[in-house]
Structure formats: C-alpha cells, structure tokens
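For reference, model.txt (compact mmCIF, C-alpha atoms and all ligand atoms):
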# COMPACT_ATOMS: atom_id res chain seq x y z
CA MET A 229 -32.52 65.75 23.60
CA ILE A 230 -35.23 64.89 21.16
CA ASP A 231 -35.21 67.26 18.27
CA HIS A 232 -36.65 65.41 15.35
CA VAL A 233 -39.71 63.52 14.25
CA ASP A 234 -38.33 60.08 14.70
CA GLY A 235 -40.94 57.58 13.67
CA ARG A 236 -42.56 57.13 17.08
CA SER A 237 -45.47 59.28 16.04
CA GLU A 238 -48.60 58.76 18.09
CA ASN A 239 -52.22 59.24 17.22
CA PRO A 240 -52.86 62.77 16.14
CA MET A 241 -54.85 64.73 18.69
CA ILE A 242 -57.24 67.55 18.02
CA PRO A 243 -57.23 70.63 20.22
CA ASP A 244 -59.85 69.43 22.69
CA GLY A 245 -57.72 66.39 23.39
CA THR A 246 -59.81 63.76 21.67
CA VAL A 247 -58.23 61.34 19.23
CA ALA A 248 -58.74 62.57 15.70
CA GLY A 249 -57.25 59.82 13.61
CA VAL A 250 -58.00 56.13 13.46
CA VAL A 251 -54.54 54.67 13.30
CA PRO A 252 -54.36 50.91 13.11
CA GLN A 253 -51.14 49.65 14.62
CA SER A 254 -50.35 47.96 11.33
CA SER A 255 -50.21 51.28 9.58
CA ARG A 256 -48.39 53.27 12.23
CA ARG A 257 -45.44 53.78 9.97
CA ARG A 258 -47.70 55.75 7.66
CA PHE A 259 -47.93 58.26 10.46
CA VAL A 260 -44.27 58.89 10.89
CA CYS A 261 -45.01 62.42 9.83
CA ALA A 262 -48.38 62.67 11.53
CA LEU A 263 -48.12 65.36 14.10
CA ALA A 264 -50.35 65.91 17.05
CA LEU A 265 -52.64 68.86 16.77
CA VAL A 266 -52.25 70.74 20.00
CA ALA A 267 -51.26 74.11 21.54
CA GLY A 268 -48.04 76.27 21.31
CA ALA A 269 -47.48 79.62 19.76
CA CYS A 270 -44.44 80.87 18.01
CA TRP A 271 -44.02 80.71 14.30
CA LEU A 272 -43.40 83.32 11.69
CA GLY A 273 -46.35 83.49 9.37
CA PRO A 274 -45.84 86.09 6.71
CA ARG A 275 -49.30 87.50 6.29
CA ALA A 276 -50.79 86.72 2.95
CA LEU A 277 -53.28 88.99 1.34
CA LEU A 278 -56.79 87.82 1.94
CA GLY A 279 -57.77 85.45 -0.77
CA SER A 280 -61.10 84.95 -2.40
CA GLY A 281 -61.50 81.32 -1.33
CA ASP A 282 -64.28 80.04 0.89
CA PRO A 283 -63.98 80.98 4.55
CA ILE A 284 -62.48 78.33 6.78
CA LYS A 285 -64.06 77.22 10.04
CA TYR A 286 -62.37 77.98 13.34
CA VAL A 287 -63.46 76.54 16.67
CA VAL A 288 -63.12 79.19 19.36
CA GLN A 289 -60.77 78.14 22.15
CA ARG A 290 -60.96 79.27 25.75
CA GLY A 291 -59.16 82.61 26.09
CA ASP A 292 -59.53 83.55 22.41
CA THR A 293 -60.46 87.08 21.50
CA LEU A 294 -61.67 88.42 18.16
CA SER A 295 -58.56 90.53 17.81
CA ALA A 296 -56.26 87.56 18.51
CA ILE A 297 -58.06 85.40 15.95
CA ALA A 298 -58.01 88.24 13.43
CA SER A 299 -54.30 88.71 13.99
CA ARG A 300 -53.59 85.01 13.62
CA TYR A 301 -55.51 84.74 10.36
CA GLY A 302 -54.35 88.02 8.87
CA CYS A 303 -57.80 89.58 8.71
CA SER A 304 -59.52 92.38 10.63
CA VAL A 305 -61.92 92.20 13.55
CA ALA A 306 -64.43 93.87 11.24
CA ASP A 307 -64.01 90.98 8.75
CA LEU A 308 -64.81 88.49 11.51
CA ARG A 309 -67.82 90.47 12.72
CA ARG A 310 -69.19 90.83 9.20
CA LEU A 311 -68.68 87.18 8.25
CA ASN A 312 -70.23 85.90 11.46
CA GLY A 313 -72.89 88.52 12.17
CA ILE A 314 -71.24 89.41 15.47
CA VAL A 315 -71.96 92.66 17.26
CA GLY A 316 -69.49 93.56 19.97
CA ASP A 317 -66.62 91.39 21.09
CA ARG A 318 -68.23 88.44 22.84
CA ILE A 319 -67.35 84.99 21.47
CA LEU A 320 -68.02 81.66 23.14
CA ALA A 321 -65.44 78.94 23.55
CA GLY A 322 -66.53 75.94 21.52
CA SER A 323 -68.52 77.93 18.98
CA THR A 324 -67.46 77.95 15.34
CA LEU A 325 -66.42 81.08 13.49
CA ALA A 326 -66.00 81.57 9.78
CA VAL A 327 -62.56 83.03 9.07
CA PRO A 328 -61.50 84.47 5.70
CA SER A 329 -59.43 82.01 3.73
CA ARG A 330 -55.96 83.33 3.07
CA GLY A 331 -53.58 82.32 0.39
CA ALA A 332 -56.05 81.90 -2.44
CA VAL A 333 -53.11 83.13 -4.44
CA SER A 334 -49.69 81.85 -3.44
CA ASN A 335 -47.95 84.13 -0.97
CA ILE A 336 -44.54 83.51 -2.49
CA GLU A 337 -43.96 87.28 -2.67
CA ALA A 338 -44.32 87.53 1.10
CA ILE A 339 -41.90 84.63 1.47
CA ARG A 340 -39.44 86.36 -0.84
CA ARG A 341 -39.57 89.49 1.31
CA ALA A 342 -39.22 87.46 4.50
CA ASN A 343 -36.21 85.60 3.13
CA GLY A 344 -34.61 88.91 2.25
CA ALA A 345 -34.62 89.71 5.95
CA ILE A 346 -33.40 86.30 7.13
CA GLY A 347 -29.66 85.80 7.11
CA VAL A 348 -29.84 82.54 5.19
CA ALA A 349 -26.80 80.33 5.71
CA ARG A 350 -26.60 79.61 2.00
CA GLY A 351 -23.74 77.17 2.06
CA ARG A 352 -25.35 74.98 4.68
CA TRP A 353 -28.37 73.75 2.74
CA GLN A 354 -27.77 70.88 0.34
CA TYR A 355 -31.13 69.09 0.29
CA ILE A 356 -34.76 70.02 -0.04
CA VAL A 357 -37.01 67.31 1.38
CA ALA A 358 -40.78 67.13 0.83
CA HIS A 359 -43.17 65.69 3.43
CA HIS A 360 -46.88 65.33 4.03
CA SER A 361 -48.38 65.81 7.48
CA ALA A 362 -50.45 62.59 7.07
CA ILE A 363 -53.41 64.35 8.66
CA GLU A 364 -55.88 66.69 7.01
CA ARG A 365 -55.77 69.51 9.54
CA GLY A 366 -53.00 71.72 10.80
CA ASN A 367 -50.67 74.60 10.15
CA ALA A 368 -47.24 75.73 11.30
CA ALA A 369 -48.40 76.94 14.72
CA ILE A 370 -50.38 73.79 15.45
CA TYR A 371 -47.57 71.46 14.47
CA ASP A 372 -45.09 73.63 16.33
CA ARG A 373 -47.08 73.21 19.53
CA ASN A 374 -47.30 69.50 19.03
CA HIS A 375 -43.59 69.11 18.42
CA ARG A 376 -42.78 71.11 21.53
CA ARG A 377 -45.16 68.95 23.54
CA ARG A 378 -43.24 65.98 22.25
CA GLY A 379 -40.04 67.42 23.62
CA MET A 380 -38.53 68.99 20.50
CA VAL A 381 -36.96 72.08 21.99
CA ASN A 382 -36.73 73.86 18.66
CA GLY A 383 -40.39 73.22 17.91
CA LEU A 384 -41.74 72.72 14.43
CA ALA A 385 -39.53 70.09 12.81
CA TYR A 386 -40.01 71.51 9.31
CA HIS A 387 -38.71 74.74 7.88
CA PHE A 388 -41.82 75.46 5.85
CA VAL A 389 -45.45 74.32 5.95
CA ILE A 390 -47.81 74.61 2.96
CA GLY A 391 -51.48 74.70 3.95
CA ASN A 392 -54.45 72.96 2.41
CA GLY A 393 -57.20 75.41 3.31
CA SER A 394 -58.07 73.79 6.64
CA ASP A 395 -56.10 75.76 9.22
CA SER A 396 -54.18 77.99 6.82
CA GLY A 397 -54.78 79.00 3.24
CA ASN A 398 -54.80 76.45 0.45
CA GLY A 399 -51.29 76.86 -0.95
CA GLU A 400 -50.24 79.30 1.75
CA ILE A 401 -46.58 78.96 2.68
CA GLU A 402 -45.66 79.47 6.34
CA ILE A 403 -42.11 79.91 7.59
CA GLY A 404 -41.15 77.96 10.70
CA THR A 405 -38.97 79.24 13.49
CA ARG A 406 -36.16 76.87 12.51
CA TRP A 407 -35.87 78.52 9.12
CA ALA A 408 -36.04 81.99 10.62
CA ALA A 409 -33.21 81.02 12.99
CA GLN A 410 -31.41 78.86 10.38
CA HIS A 411 -31.54 75.85 12.69
CA ALA A 412 -31.19 72.26 11.58
CA GLY A 413 -34.44 70.54 10.72
CA GLY A 414 -35.95 67.68 12.65
CA HIS A 415 -37.92 66.21 9.79
CA VAL A 416 -36.01 63.04 8.95
CA ARG A 417 -34.19 60.33 10.89
CA ASN A 418 -30.96 60.84 8.92
CA SER A 419 -29.00 63.36 10.99
CA ASN A 420 -26.85 64.58 8.10
CA VAL A 421 -29.95 65.45 6.12
CA ASN A 422 -31.48 67.17 9.16
CA GLU A 423 -28.32 69.28 9.39
CA HIS A 424 -28.25 70.16 5.71
CA GLY A 425 -31.80 69.62 4.47
CA ILE A 426 -34.67 72.07 4.20
CA GLY A 427 -37.90 70.35 5.28
CA ILE A 428 -41.12 71.37 3.55
CA CYS A 429 -44.36 69.84 4.82
CA LEU A 430 -47.60 69.90 2.86
CA VAL A 431 -50.67 69.60 5.07
CA GLY A 432 -52.73 66.54 4.12
CA ASN A 433 -52.63 62.78 3.90
CA PHE A 434 -51.35 61.89 0.44
CA GLU A 435 -51.76 58.20 1.03
CA THR A 436 -55.44 58.86 0.39
CA ARG A 437 -55.49 61.73 -2.11
CA ARG A 438 -53.32 64.03 -4.19
CA PRO A 439 -52.12 67.37 -2.85
CA SER A 440 -54.20 70.29 -4.09
CA GLY A 441 -53.10 72.10 -7.22
CA ARG A 442 -52.45 75.21 -5.15
CA GLN A 443 -50.27 73.30 -2.73
CA LEU A 444 -48.19 71.86 -5.57
CA ALA A 445 -47.94 75.23 -7.29
CA ALA A 446 -46.76 76.76 -4.01
CA LEU A 447 -44.25 73.94 -3.49
CA VAL A 448 -42.80 74.42 -6.97
CA ALA A 449 -42.66 78.18 -6.52
CA LEU A 450 -40.98 77.80 -3.13
CA ILE A 451 -38.33 75.37 -4.40
CA GLU A 452 -37.62 77.53 -7.45
CA HIS A 453 -37.29 80.56 -5.19
CA LEU A 454 -34.99 78.76 -2.74
CA GLN A 455 -32.78 77.20 -5.37
CA GLY A 456 -32.70 80.13 -7.74
CA GLU A 457 -32.71 83.24 -5.57
CA VAL A 458 -31.78 82.23 -2.05
CA LEU A 459 -29.23 79.41 -2.18
CA ARG A 460 -27.92 79.87 -5.72
CA HIS A 461 -26.14 76.53 -5.73
CA PRO A 462 -27.25 72.99 -6.61
CA THR A 463 -29.47 71.33 -4.03
CA ARG A 464 -30.81 67.82 -4.19
CA PHE A 465 -34.58 67.40 -4.16
CA ALA A 466 -35.90 64.32 -2.36
CA VAL A 467 -39.05 63.08 -0.69
CA HIS A 468 -38.85 61.80 2.87
CA ARG A 469 -38.99 58.08 2.10
CA GLU A 470 -36.04 58.44 -0.28
CA ILE A 471 -33.97 59.70 2.64
CA ASP A 472 -35.09 57.37 5.43
CA GLY A 473 -36.29 54.40 3.42
CA VAL A 474 -39.74 53.12 2.59
CA ASN A 475 -39.62 50.71 5.52
CA HIS A 476 -39.36 53.69 7.85
CA THR A 477 -41.98 55.92 6.27
CA LEU A 478 -44.38 56.19 3.35
CA CYS A 479 -44.11 59.96 3.54
CA PRO A 480 -45.15 61.95 1.51
CA GLY A 481 -47.67 59.32 0.43
CA ARG A 482 -48.40 57.42 -2.74
CA PHE A 483 -50.41 60.25 -4.31
CA PHE A 484 -47.64 62.81 -3.95
CA PRO A 485 -46.29 63.36 -7.50
CA THR A 486 -42.73 62.30 -6.68
CA ARG A 487 -41.80 61.41 -10.25
CA GLU A 488 -43.11 64.69 -11.64
CA MET A 489 -41.17 66.59 -9.01
CA HIS A 490 -37.97 64.74 -9.89
CA ARG A 491 -38.53 65.46 -13.57
CA ARG A 492 -38.63 69.11 -12.63
CA PHE A 493 -35.96 69.31 -9.98
CA GLY A 494 -33.70 66.37 -10.77
ZN ZN B 501 -41.98 63.02 6.28
Rewrite the structure from the file as structure tokens, please.
Ligand SMILES: [Zn+2]
Amino acid sequence: MIDHVDGRSENPMIPDGTVAGVVPQSSRRRFVCALALVAGACWLGPRALLGSGDPIKYVVQRGDTLSAIASRYGCSVADLRRLNGIVGDRILAGSTLAVPSRGAVSNIEAIRRANGAIGVARGRWQYIVAHHSAIERGNAAIYDRNHRRRGMVNGLAYHFVIGNGSDSGNGEIEIGTRWAAQHAGGHVRNSNVNEHGIGICLVGNFETRRPSGRQLAALVALIEHLQGEVLRHPTRFAVHREIDGVNHTLCPGRFFPTREMHRRFG
C-alpha cells in the first residue's frame, strides 16, 4: 500500500489534464513534494471569514454550480453574482470566475476551534515538519485528490496546508483528513517520522521565491498553537530535507527561512 509521498513525484498536472510544470529530469528531486493538481473531494476546511484581499480566479469545471463554488470558498452565491455580474445561476465550464479571497487574516481562531473538537492523540506527535508544495497552485482538496489518484488511500499526505492566495487564501490554514482522523502522515520517506510527525505544507515553490509573509505568520501561529495549546509537550521542529536528507529532497526550498524557524522553535 502506498501511503506517502515517496520521491517518485511526477510532473504536476492542472485540472484539465495538461502538464503545468516544466520539470527537467535533472531537477526531479526538487519535485519530491510537487503534487499533481487533480480531482478528489474530502478535506476539512474550517471556513475563514472573508478577507479583504484581491479576489482569486477560479476556472469553472464541468458540473460546478454557483452554490457548490460558494460553499467551497466560504462565500455566498450573492457574493459570486455580485463579483462576476451574473444574473441567475448559469455558469459555463471553462469560464473564469472571480472568487472572494479568504484568509486575508490568519484563520488560526477557526483552527483552534476545530482542534478543540478533534480528539488529538497528544502523546503521539513528536515532530513538526515543514514542506513546500513546489508548485504555485493548489490547496488541501486539490492535493488530496492528487494523492488519492496516486494510490494513497488516506489521501492528502500532509496534516495541514497553508495557502498562498492561489486556490485558498494567502495564509489560510486548512486541516487535512489525516489530522482530523489522527492518522499518520505520508509526507516524508522516514516511516518513524510519518508515524509521529505532523506535516505542514506551504503552497508555493520556495526554490524560486520566499513564502509570503502571511504564510509564514500562519505557520508560526500554527506551530505555537500546536506546541503550546494542543500537544503541550516538547516537539522537534524540522524541515523535510533535514528528515530525509538533501540528496532525497530540497524541500522546502532554499528560500524557506529554515534558520529563522530553528531560532524560533529550536
Ligand atoms: Zn516535503
């Protein structure tokens, strides 16, 4: 049974099935964490309050309805109609809709409430491991679909995903099904760390740029919340390449502020 992202990552795909990334064979290892962008559906996304950021663009898929899109993005059908000048309910597959950007302010409060309802297996978690997705698009649902397509029966390999404003809010934290169910992660090759490590993925390719300030603020807030309020025991912070080795992965990329994070979290 495949249940982890194991370094055989393929070219990321976008929803219409075309290849989105140019991935030279020589740099395939940089894409250990690159996850195909396709299909699937179940993740727990605590709804953030609508932020004041710029709307994001959403390409309408076959079978989409305004109410389904509104539900997915935590806005109302009226918001979508107003933003896009739509009268009625008709939307065309392939057209682009503006969708309100969520998470302009970190949704850590929603995460705190969600964690209060999850029976967290406190003693289990000994590591917190940071990743990048190595692609600029995506969110928990999209990566979940991709991981299921790749045969990971528990879906999304990470426990949390922090958006960059493309397919979820910039700095918006999403909870994956593995965290909700307190399942092992599938985010590293090291099986002990999958069993005992919380995987947090920031959307973006940090081999080419730094994470956004909102993403980093959300990451810090999430780790402080997990360590201080949820687990309440020492946990080791690491980035992916420190667990699996730089020859296996460059994750989370050279522009991820690894040293700053270690200064903060040891
Ligand atoms: Zn990684």
Which protein, DNA or RNA residues are at most 9 Å from (-53.8, 75.1, 2.9) in the file's coordinates when you count only C-alpha atoms, listed as a PyMOL selection string? chain A and resi 329-332+365-367+389-401+430-432+440+442-443
With C-alpha atoms retained, write the just-selected residues as a compact mmCIF listing (two decimals), keeping the file's coordinate frame.
# COMPACT_ATOMS: atom_id res chain seq x y z
CA SER A 329 -59.43 82.01 3.73
CA ARG A 330 -55.96 83.33 3.07
CA GLY A 331 -53.58 82.32 0.39
CA ALA A 332 -56.05 81.90 -2.44
CA ARG A 365 -55.77 69.51 9.54
CA GLY A 366 -53.00 71.72 10.80
CA ASN A 367 -50.67 74.60 10.15
CA VAL A 389 -45.45 74.32 5.95
CA ILE A 390 -47.81 74.61 2.96
CA GLY A 391 -51.48 74.70 3.95
CA ASN A 392 -54.45 72.96 2.41
CA GLY A 393 -57.20 75.41 3.31
CA SER A 394 -58.07 73.79 6.64
CA ASP A 395 -56.10 75.76 9.22
CA SER A 396 -54.18 77.99 6.82
CA GLY A 397 -54.78 79.00 3.24
CA ASN A 398 -54.80 76.45 0.45
CA GLY A 399 -51.29 76.86 -0.95
CA GLU A 400 -50.24 79.30 1.75
CA ILE A 401 -46.58 78.96 2.68
CA LEU A 430 -47.60 69.90 2.86
CA VAL A 431 -50.67 69.60 5.07
CA GLY A 432 -52.73 66.54 4.12
CA SER A 440 -54.20 70.29 -4.09
CA ARG A 442 -52.45 75.21 -5.15
CA GLN A 443 -50.27 73.30 -2.73
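Counting only C-alpha atoms and comparing A:Asn382, A:Thr486, A:Asn420, A:Gln289, the residue that lies closest to A:Ser323 is A:Gln289.
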For ligand ZN 501 (chain B), list the contacting residues at 9 Å or closer, counting only C-alpha atoms and all ligand atoms, as a list in words. Val233, Phe259, Val260, Cys261, Ala262, Val357, Ala358, His359, His360, Ser361, Ala362, His415, Val416, Gly427, Ile428, Cys429, Val467, His468, Arg469, Asp472, Thr477, Leu478, Cys479, Pro480 and Gly481 of chain A
Which one is closest to A:Pro462: A:Asn433, A:Asn418, A:Gln354, A:Asn374? Count all atoms listed in the file.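 Of A:Asn433, A:Asn418, A:Gln354, A:Asn374, the one nearest A:Pro462 is A:Gln354, counting all atoms listed in the file.
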When you look at A:Ala385 with a cut-off of 9 Å (counting only C-alpha atoms), what residues show up, excluding the ones that are within fewer than 4 positions of it in the same chain? I need them as a ChimeraX atom specification. /A:231-233,371-372,375,380,404,406,412-416,427
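When only C-alpha atoms are used to measure the gap to A:Gln410, the shortest distance among A:Ala338, A:Leu459, A:Ile426, A:Ala349 belongs to A:Ala349.
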Distance of atom CA of A:Trp407 from atom CA of A:Arg376, expressed in Å to one decimal place: 16.0 Å
Residue nearest A:Leu454 - candidates A:Cys303, A:Ile314, A:Val288, A:Ile356, atoms counted: all atoms listed in the file: A:Ile356
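Here atom CA of A:Ala298 stands at a distance of 25.8 Å from atom CA of A:Ala409.
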Pick from A:Trp353, A:Tyr286, A:Phe484, A:Phe465 nearest to A:Gly441, counting all atoms listed in the file: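 Nearest to A:Gly441: A:Phe484.
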A:Thr324 surroundings by only C-alpha atoms, 10 Å radius, close-in-sequence under 3 positions cut, as a list of chain:residue names: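 My list of contacting residues is A:Ile284, A:Lys285, A:Tyr286, A:Val287, A:Val288, A:Gln289, A:Asn312, A:Ile319, A:Leu320, A:Ala321, A:Val327.
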Any chance you can output those residues with C-alpha atoms as a compact mmCIF listing (two decimals), in the frame of the given file?
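Result file is result_31.txt:
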# COMPACT_ATOMS: atom_id res chain seq x y z
CA ILE A 284 -62.48 78.33 6.78
CA LYS A 285 -64.06 77.22 10.04
CA TYR A 286 -62.37 77.98 13.34
CA VAL A 287 -63.46 76.54 16.67
CA VAL A 288 -63.12 79.19 19.36
CA GLN A 289 -60.77 78.14 22.15
CA ASN A 312 -70.23 85.90 11.46
CA ILE A 319 -67.35 84.99 21.47
CA LEU A 320 -68.02 81.66 23.14
CA ALA A 321 -65.44 78.94 23.55
CA VAL A 327 -62.56 83.03 9.07
By how many Å are atom CA of A:Leu325 and atom CA of A:Leu308 apart?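 Between atom CA of A:Leu325 and atom CA of A:Leu308 the gap works out to 7.8 Å.
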Between A:Pro328, A:Gly473, A:Pro485, A:Gly456, which has the minimum distance to A:Asp307 (counting only C-alpha atoms)?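 Looking at the shortest contact to A:Asp307, the residue is A:Pro328.
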